[in-house]
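Down below is the structure, laid out as structure tokens.
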Amino acid sequence: MKFPASVLASVFLFVAETTVALYLSSTYRSGGDRMWQALTLLFSLLPCALVQLTLLFVHRDLSRDRPLLLLLHLLQLGPLFRCFEVFCIYFQSGHSEEPYVSITKKRQMPKNGLSEEIEKEVGQAEGKLFTHRSAFSRASVIQAFLGSAPQLTLQLYISVMQQEVTVGRSLFMTLSLLSIVYGALRCNILAIKIKYDEYEVNVKPLAYVCIFLWRSFEIATRVTVLVLFASVLKIWVVLIILINFFSFFLHPWIVFWFSGSPFPENIEKALSRVGTTIVLCFLTLLYTGINMFCWSAVQLKIDSPDLISKSQNWYQLLVYYVIRFIENAILLLLWYLFKTDIYMYVCAPLLILQLLVGYCTAVLFMLVFYQFFHPCKKLFSTSVSEGFQKWLRCFCWAHRRQKSCESVGNTDLKSYRHKDETPSSSRVSTEPSQLLNADELCSA
């Protein structure tokens, strides 16, 4: 049985970030910055409440008679109690033999084109730990993108406008960045396990390192670009955020509307149609929050029973990163054109170059992960290198075709000029034959 390290990491980030947020809000209050205090508390307490609801929903505790547990969740102490429960289950699991076990069937990764199906006995303790890990993974994603991501953006914006980075704020921004990166990492792992549910997935340590570097560069550059743009064009950044928000929020619902599929009713049996709609809107909100800062690694599909598209769509991945790179470049260009005196001692071209190179570095680590360290890379129909080779061949073919068209056009132009330079006598001599041929054709 694996040590529940993911649960411990989730609880540590949850407690540390909430504690530092409360301390920092008290400093804002003492300094008279009521607006910064209100926003800091909002981005801290709102995800806390959503984390409590997520843990209750995953464990289905709302339909059980556990008043003490519900009270602890109301007091925002639910994750601590769940963590204590997890370690009690873990340390007591090997002391007694479990009378009831369940058997799960998983397929191994293909070797030499063959995939074997193996059976594994899962005891009650291991099943409970699996449920806890799943609940904390989802809670980490919610905390990261509905709390830590806007919190990091806010604190970096305050630091830029005040031209000062305090110790408490730097610690808070570090914890927020770690929380976002960890949430993105859990999102990647969840996406892999959901897409390849019938396979036994083993993620290697180097894969975790590659995902961590990929997400760190991607999120850090994205947040920095948004803060720089907001510091000089405060009104226009609202428009950018609204365009991103409604694009990602409405896209799954538009696809569902045009698909003509019936409304999903199998999310949770105890939920009514209104409750199902609320859950779907919340999932869409989370999906939107993820895509505003980084690639979500999953595509929300409302007409699917799993609510997630299990196909690996390389085209959507390519379109997302190309559009996001262009958007970042445009925002940095506008920041450069309208930057104020607070950036007097900043080398703007160097900073723009560093941010664009940082985003390209994130894309590079992403390609390395999908090419070498993805646990299910053997199931891909085409790898990253093969796709790049096909794209390169298409580019070379198009380039050669353009060159051949240009060469044909040049030869036609030369022949036309040569025809214009012929003597007038030769032109006159050819005209009767041409007229004769025309008369013969008419008579025929």
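As shown in the structure tokens, the chain order sets the letters A, B, ...; within each chain, residues go from 1, and ligands are also counted from 1 in the order they appear.
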Tell me which protein, DNA and RNA residues are within 9 Å of Phe249 in chain A, counting only C-alpha atoms, leaving out same-chain ones fewer than 4 positions away, and put them as a list in words.
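Surrounding residues, per the criterion: Asn244, Phe245, Trp253, Cys281, Thr284, Leu285, Tyr287, Thr288 and Gly289 of chain A.
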I'd like to know which residues of range 96-316 of chain A are alpha helix (DSSP H) (by DSSP, run on the backbone); could you write them as a count of residues only?
141
Would you kindly return, as a list in words, each protein, DNA or RNA residue with an atom no farther than 12 Å from any atom of Tyr343 in chain A, considering only C-alpha atoms and excluding same-chain residues fewer than 3 positions away?
Val160, Met161, Gln162, Gln163, Leu228, Ser231, Val232, Trp335, Tyr336, Leu337, Phe338, Lys339, Thr340, Val346, Cys347, Ala348, Pro349 and Leu351 of chain A
To one decimal place in Å, what is the distance between CA of Lys377 in chain A and CA of Ser304 in chain A?
23.8 Å
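Residue nearest Glu17 in chain A within the list A:Leu156, A:Met109, A:Leu177, A:Ala135: A:Leu177 [criterion: smallest interatomic distance, only C-alpha atoms].
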For CA of Pro110 in chain A and CA of Pro205 in chain A, the interatomic separation in Å (one decimal)
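CA of Pro205 in chain A lies 20.7 Å from CA of Pro110 in chain A.
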Find the residues near Pro4 in chain A: any atom within 9 Å, counting only C-alpha atoms, skip ones fewer than 4 places away on the same chain, and give them as an mmCIF file with C-alpha atoms, in the first residue's frame.
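Wrote it out as selection.cif, contents follow:
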data_model
loop_
_atom_site.group_PDB
_atom_site.id
_atom_site.type_symbol
_atom_site.label_atom_id
_atom_site.label_comp_id
_atom_site.auth_asym_id
_atom_site.auth_seq_id
_atom_site.Cartn_x
_atom_site.Cartn_y
_atom_site.Cartn_z
ATOM 1 C CA LEU A 8 -0.083 15.250 3.004
ATOM 2 C CA ALA A 9 1.059 17.676 0.286
ATOM 3 C CA VAL A 86 -6.196 8.768 6.118
ATOM 4 C CA PHE A 87 -3.125 8.128 8.271
ATOM 5 C CA TYR A 90 -2.796 3.628 6.558
ATOM 6 C CA LEU A 129 -7.372 5.375 0.724
ATOM 7 C CA ARG A 133 -6.579 10.387 -2.648
#
So, counting only C-alpha atoms, which residue among A:Ile302, A:Ala21, A:Cys360, A:Leu317 is closest to Ser259 in chain A?
A:Ile302
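The shortest atom-to-atom distance to Ser261 in chain A, with only C-alpha atoms taken into account, belongs to A:Pro305 out of A:Leu70, A:Pro305, A:Glu327, A:Thr174.
Residues in contact with Phe14 in chain A at 10 Å, where only C-alpha atoms are counted and same-chain residues fewer than 2 positions away are skipped, are listed as A:Leu8, A:Ala9, A:Ser10, A:Val11, A:Phe12, A:Ala16, A:Glu17, A:Thr18, A:Thr19, A:Ser44, A:Pro47, A:Cys48, A:Val51, A:Pro79, A:Leu80, A:Ala139, A:Ser140, A:Gln143, A:Ala144, A:Ser148, A:Leu175, A:Ser176, A:Ser179.
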Residues flagged strand (DSSP E) by DSSP in range 35-223 of chain A, as a PyMOL selection string:
chain A and resi 101-107+117-123
Which of these, A:Gln108, A:Phe263, A:Leu146, A:Val255, has the shortest distance to Leu46 in chain A once you count only C-alpha atoms?
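Nearest to Leu46 in chain A: A:Leu146.
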